[in-house]
Amino acid sequence: QGQLVASGGGLVQPGGSLRLSCAASGFTFSRYWMYWVRQAPGKEFEWVSEINVGSTETTYPDSVKGRFTVSRDNAKNMLYLQMNNLKSDDTAVYYCSRDRKGTSRGQGTQVTVSS
């Protein structure tokens with residue numbers, strides 16, 4: 001089934017930046033489109049980025065477009081999410097996943113944006 005472990009979260013002030021990482025194992029990472037999803041307290045999962053296998057296509061929802069950048073390193077089985085100009089609405093647990101709905105997500109990392 002494979003394993004996905006996200007890391008790099010933390011507490012950051014509004015306007016700050018964080019870089020999340022996701023380590024993939026147990027499956028052929030380079031063959032999958034990959035996604036970042038998040039879940040804020042009391043809310044449903046929200047897709048926040050996707051990237052194709054060759055890193056030539058990336059897509060974001062309007063809520064994060066221009067602030068978040070997804071990337072991957074297939075040689076290292078790693079997925080990344082650079083988050084800039086963070087807002088309080090970005091507070092959530094962030095997960096990497098092999099699907100947009102997050103059903104194949106792994107262990108998440110908490111991001112808290114607060115002054």
# chains A, B, ... in the order shown; residues from 1 in each chain; ligands from 1
call {"tool": "select_by_dssp", "arguments": {"residues": "chain A", "states": "strand (DSSP E or B)", "output": "count of residues only"}}
result
55
call {"tool": "residues_around", "arguments": {"residues": "segment 67-84 of chain A", "least_positions_apart": "3", "cutoff": "6 Å", "atoms": "only C-alpha atoms", "output": "PyMOL selection string"}}
result
chain A and resi 17-24+29-30+64
call {"tool": "write_last_selection", "arguments": {"atoms": "N, CA and C atoms", "output": "mmCIF file, in the first residue's frame"}}
result
data_model
loop_
_atom_site.group_PDB
_atom_site.id
_atom_site.type_symbol
_atom_site.label_atom_id
_atom_site.label_comp_id
_atom_site.auth_asym_id
_atom_site.auth_seq_id
_atom_site.Cartn_x
_atom_site.Cartn_y
_atom_site.Cartn_z
ATOM 1 N N SER A 17 6.454 31.924 6.270
ATOM 2 C CA SER A 17 6.617 30.830 5.314
ATOM 3 C C SER A 17 6.973 29.537 6.037
ATOM 4 N N LEU A 18 6.604 28.443 5.399
ATOM 5 C CA LEU A 18 6.994 27.106 5.849
ATOM 6 C C LEU A 18 7.216 26.245 4.623
ATOM 7 N N ARG A 19 8.076 25.260 4.771
ATOM 8 C CA ARG A 19 8.259 24.278 3.711
ATOM 9 C C ARG A 19 7.958 22.889 4.268
ATOM 10 N N LEU A 20 6.958 22.265 3.732
ATOM 11 C CA LEU A 20 6.588 20.920 4.150
ATOM 12 C C LEU A 20 7.290 19.894 3.265
ATOM 13 N N SER A 21 7.586 18.751 3.864
ATOM 14 C CA SER A 21 8.175 17.637 3.130
ATOM 15 C C SER A 21 7.324 16.397 3.345
ATOM 16 N N CYS A 22 7.363 15.509 2.396
ATOM 17 C CA CYS A 22 6.652 14.237 2.506
ATOM 18 C C CYS A 22 7.560 13.132 1.990
ATOM 19 N N ALA A 23 7.835 12.173 2.836
ATOM 20 C CA ALA A 23 8.654 11.024 2.461
ATOM 21 C C ALA A 23 7.748 9.871 2.067
ATOM 22 N N ALA A 24 7.968 9.348 0.875
ATOM 23 C CA ALA A 24 7.160 8.246 0.357
ATOM 24 C C ALA A 24 7.969 6.963 0.357
ATOM 25 N N PHE A 29 6.952 5.719 -6.359
ATOM 26 C CA PHE A 29 6.581 7.135 -6.234
ATOM 27 C C PHE A 29 6.557 7.842 -7.591
ATOM 28 N N SER A 30 7.530 7.552 -8.425
ATOM 29 C CA SER A 30 7.684 8.277 -9.690
ATOM 30 C C SER A 30 6.564 7.997 -10.688
ATOM 31 N N VAL A 64 -5.014 29.129 -2.569
ATOM 32 C CA VAL A 64 -3.568 29.112 -2.293
ATOM 33 C C VAL A 64 -2.732 29.511 -3.497
#
call {"tool": "residues_around", "arguments": {"residues": "Arg98 of chain A", "least_positions_apart": "3", "cutoff": "7 Å", "atoms": "only C-alpha atoms", "output": "list in words"}}
result
Tyr32, Trp33, Met34, Tyr35, Ser104 and Arg105 of chain A
call {"tool": "closest_residue", "arguments": {"among": "A:Glu50, A:Gln110, A:Val93, A:Lys87", "to": "Gln13 of chain A", "atoms": "only C-alpha atoms"}}
result
A:Lys87
call {"tool": "closest_residue", "arguments": {"among": "A:Gly102, A:Gly66, A:Gly108, A:Pro14", "to": "Glu46 of chain A", "atoms": "only C-alpha atoms"}}
result
A:Gly102
call {"tool": "residues_around", "arguments": {"residues": "Pro41 of chain A", "least_positions_apart": "6", "cutoff": "12 Å", "atoms": "only C-alpha atoms", "output": "list of chain:residue names"}}
result
A:Asp89, A:Asp90, A:Thr91, A:Ala92, A:Val93, A:Tyr94, A:Gln110, A:Val111, A:Thr112
call {"tool": "closest_residue", "arguments": {"among": "A:Ser63, A:Ser49, A:Thr28, A:Thr56", "to": "Asp99 of chain A", "atoms": "only C-alpha atoms"}}
result
A:Ser49
call {"tool": "decode", "arguments": {"residues": "segment 60-73 of chain A", "atoms": "all heavy atoms", "output": "PDB file, in the first residue's frame"}}
result
ATOM      1  N   TYR A  60      -3.346  24.392  -8.538  1.00  0.00           N
ATOM      2  CA  TYR A  60      -3.698  24.832  -7.192  1.00  0.00           C
ATOM      3  C   TYR A  60      -5.112  25.404  -7.190  1.00  0.00           C
ATOM      4  O   TYR A  60      -5.553  25.996  -8.176  1.00  0.00           O
ATOM      5  CB  TYR A  60      -2.738  25.930  -6.725  1.00  0.00           C
ATOM      6  CG  TYR A  60      -1.276  25.597  -6.877  1.00  0.00           C
ATOM      7  CD1 TYR A  60      -0.591  25.865  -8.054  1.00  0.00           C
ATOM      8  CD2 TYR A  60      -0.574  24.991  -5.833  1.00  0.00           C
ATOM      9  CE1 TYR A  60       0.747  25.553  -8.208  1.00  0.00           C
ATOM     10  CE2 TYR A  60       0.770  24.679  -5.974  1.00  0.00           C
ATOM     11  CZ  TYR A  60       1.413  24.959  -7.155  1.00  0.00           C
ATOM     12  OH  TYR A  60       2.742  24.647  -7.300  1.00  0.00           O
ATOM     13  N   PRO A  61      -5.800  25.310  -6.062  1.00  0.00           N
ATOM     14  CA  PRO A  61      -7.084  26.021  -5.951  1.00  0.00           C
ATOM     15  C   PRO A  61      -6.822  27.508  -5.759  1.00  0.00           C
ATOM     16  O   PRO A  61      -5.717  27.923  -5.380  1.00  0.00           O
ATOM     17  CB  PRO A  61      -7.709  25.391  -4.708  1.00  0.00           C
ATOM     18  CG  PRO A  61      -6.536  24.978  -3.877  1.00  0.00           C
ATOM     19  CD  PRO A  61      -5.478  24.567  -4.841  1.00  0.00           C
ATOM     20  N   ASP A  62      -7.818  28.305  -6.003  1.00  0.00           N
ATOM     21  CA  ASP A  62      -7.662  29.749  -5.879  1.00  0.00           C
ATOM     22  C   ASP A  62      -7.240  30.176  -4.480  1.00  0.00           C
ATOM     23  O   ASP A  62      -6.569  31.197  -4.307  1.00  0.00           O
ATOM     24  CB  ASP A  62      -8.973  30.449  -6.248  1.00  0.00           C
ATOM     25  CG  ASP A  62      -9.260  30.386  -7.738  1.00  0.00           C
ATOM     26  OD1 ASP A  62      -8.331  30.091  -8.514  1.00  0.00           O
ATOM     27  OD2 ASP A  62     -10.425  30.623  -8.120  1.00  0.00           O
ATOM     28  N   SER A  63      -7.613  29.395  -3.476  1.00  0.00           N
ATOM     29  CA  SER A  63      -7.323  29.771  -2.092  1.00  0.00           C
ATOM     30  C   SER A  63      -5.832  29.837  -1.786  1.00  0.00           C
ATOM     31  O   SER A  63      -5.422  30.532  -0.850  1.00  0.00           O
ATOM     32  CB  SER A  63      -8.004  28.803  -1.126  1.00  0.00           C
ATOM     33  OG  SER A  63      -7.580  27.475  -1.368  1.00  0.00           O
ATOM     34  N   VAL A  64      -5.014  29.129  -2.569  1.00  0.00           N
ATOM     35  CA  VAL A  64      -3.568  29.112  -2.293  1.00  0.00           C
ATOM     36  C   VAL A  64      -2.732  29.511  -3.497  1.00  0.00           C
ATOM     37  O   VAL A  64      -1.516  29.645  -3.393  1.00  0.00           O
ATOM     38  CB  VAL A  64      -3.105  27.734  -1.777  1.00  0.00           C
ATOM     39  CG1 VAL A  64      -3.951  27.289  -0.599  1.00  0.00           C
ATOM     40  CG2 VAL A  64      -3.109  26.682  -2.878  1.00  0.00           C
ATOM     41  N   LYS A  65      -3.365  29.702  -4.645  1.00  0.00           N
ATOM     42  CA  LYS A  65      -2.634  30.010  -5.868  1.00  0.00           C
ATOM     43  C   LYS A  65      -1.800  31.272  -5.685  1.00  0.00           C
ATOM     44  O   LYS A  65      -2.277  32.271  -5.154  1.00  0.00           O
ATOM     45  CB  LYS A  65      -3.618  30.173  -7.027  1.00  0.00           C
ATOM     46  CG  LYS A  65      -2.975  30.215  -8.401  1.00  0.00           C
ATOM     47  CD  LYS A  65      -4.038  30.275  -9.485  1.00  0.00           C
ATOM     48  CE  LYS A  65      -4.906  29.041  -9.502  1.00  0.00           C
ATOM     49  NZ  LYS A  65      -5.911  29.081 -10.587  1.00  0.00           N
ATOM     50  N   GLY A  66      -0.551  31.202  -6.122  1.00  0.00           N
ATOM     51  CA  GLY A  66       0.358  32.331  -5.981  1.00  0.00           C
ATOM     52  C   GLY A  66       1.104  32.365  -4.658  1.00  0.00           C
ATOM     53  O   GLY A  66       2.054  33.136  -4.497  1.00  0.00           O
ATOM     54  N   ARG A  67       0.687  31.543  -3.719  1.00  0.00           N
ATOM     55  CA  ARG A  67       1.347  31.487  -2.402  1.00  0.00           C
ATOM     56  C   ARG A  67       2.013  30.144  -2.143  1.00  0.00           C
ATOM     57  O   ARG A  67       3.034  30.090  -1.465  1.00  0.00           O
ATOM     58  CB  ARG A  67       0.329  31.772  -1.295  1.00  0.00           C
ATOM     59  CG  ARG A  67      -0.368  33.110  -1.402  1.00  0.00           C
ATOM     60  CD  ARG A  67      -1.215  33.405  -0.170  1.00  0.00           C
ATOM     61  NE  ARG A  67      -2.299  32.439   0.009  1.00  0.00           N
ATOM     62  CZ  ARG A  67      -2.445  31.670   1.094  1.00  0.00           C
ATOM     63  NH1 ARG A  67      -1.565  31.741   2.078  1.00  0.00           N
ATOM     64  NH2 ARG A  67      -3.462  30.824   1.189  1.00  0.00           N
ATOM     65  N   PHE A  68       1.445  29.079  -2.655  1.00  0.00           N
ATOM     66  CA  PHE A  68       1.967  27.735  -2.435  1.00  0.00           C
ATOM     67  C   PHE A  68       2.625  27.220  -3.713  1.00  0.00           C
ATOM     68  O   PHE A  68       2.142  27.479  -4.822  1.00  0.00           O
ATOM     69  CB  PHE A  68       0.851  26.769  -2.051  1.00  0.00           C
ATOM     70  CG  PHE A  68       0.289  26.954  -0.670  1.00  0.00           C
ATOM     71  CD1 PHE A  68       0.547  28.079   0.081  1.00  0.00           C
ATOM     72  CD2 PHE A  68      -0.533  25.971  -0.115  1.00  0.00           C
ATOM     73  CE1 PHE A  68       0.018  28.247   1.354  1.00  0.00           C
ATOM     74  CE2 PHE A  68      -1.073  26.113   1.157  1.00  0.00           C
ATOM     75  CZ  PHE A  68      -0.799  27.256   1.887  1.00  0.00           C
ATOM     76  N   THR A  69       3.700  26.457  -3.546  1.00  0.00           N
ATOM     77  CA  THR A  69       4.381  25.829  -4.675  1.00  0.00           C
ATOM     78  C   THR A  69       4.706  24.383  -4.329  1.00  0.00           C
ATOM     79  O   THR A  69       5.393  24.134  -3.323  1.00  0.00           O
ATOM     80  CB  THR A  69       5.674  26.575  -5.025  1.00  0.00           C
ATOM     81  OG1 THR A  69       5.384  27.947  -5.304  1.00  0.00           O
ATOM     82  CG2 THR A  69       6.341  25.932  -6.228  1.00  0.00           C
ATOM     83  N   VAL A  70       4.234  23.480  -5.155  1.00  0.00           N
ATOM     84  CA  VAL A  70       4.503  22.058  -4.943  1.00  0.00           C
ATOM     85  C   VAL A  70       5.670  21.634  -5.835  1.00  0.00           C
ATOM     86  O   VAL A  70       5.816  22.131  -6.957  1.00  0.00           O
ATOM     87  CB  VAL A  70       3.248  21.207  -5.234  1.00  0.00           C
ATOM     88  CG1 VAL A  70       2.777  21.364  -6.670  1.00  0.00           C
ATOM     89  CG2 VAL A  70       3.485  19.750  -4.881  1.00  0.00           C
ATOM     90  N   SER A  71       6.478  20.724  -5.335  1.00  0.00           N
ATOM     91  CA  SER A  71       7.591  20.176  -6.111  1.00  0.00           C
ATOM     92  C   SER A  71       7.849  18.750  -5.650  1.00  0.00           C
ATOM     93  O   SER A  71       7.322  18.311  -4.624  1.00  0.00           O
ATOM     94  CB  SER A  71       8.841  21.036  -5.955  1.00  0.00           C
ATOM     95  OG  SER A  71       9.266  21.083  -4.611  1.00  0.00           O
ATOM     96  N   ARG A  72       8.667  18.044  -6.406  1.00  0.00           N
ATOM     97  CA  ARG A  72       8.971  16.663  -6.050  1.00  0.00           C
ATOM     98  C   ARG A  72      10.371  16.311  -6.510  1.00  0.00           C
ATOM     99  O   ARG A  72      10.913  16.915  -7.441  1.00  0.00           O
ATOM    100  CB  ARG A  72       7.950  15.712  -6.671  1.00  0.00           C
ATOM    101  CG  ARG A  72       7.983  15.651  -8.171  1.00  0.00           C
ATOM    102  CD  ARG A  72       6.769  14.905  -8.734  1.00  0.00           C
ATOM    103  NE  ARG A  72       6.766  13.493  -8.354  1.00  0.00           N
ATOM    104  CZ  ARG A  72       5.705  12.699  -8.459  1.00  0.00           C
ATOM    105  NH1 ARG A  72       4.561  13.199  -8.933  1.00  0.00           N
ATOM    106  NH2 ARG A  72       5.784  11.426  -8.120  1.00  0.00           N
ATOM    107  N   ASP A  73      10.931  15.303  -5.858  1.00  0.00           N
ATOM    108  CA  ASP A  73      12.224  14.757  -6.242  1.00  0.00           C
ATOM    109  C   ASP A  73      12.026  13.246  -6.348  1.00  0.00           C
ATOM    110  O   ASP A  73      12.008  12.547  -5.320  1.00  0.00           O
ATOM    111  CB  ASP A  73      13.284  15.114  -5.196  1.00  0.00           C
ATOM    112  CG  ASP A  73      14.678  14.662  -5.598  1.00  0.00           C
ATOM    113  OD1 ASP A  73      14.799  13.709  -6.399  1.00  0.00           O
ATOM    114  OD2 ASP A  73      15.648  15.252  -5.101  1.00  0.00           O
TER     115      ASP A  73
END
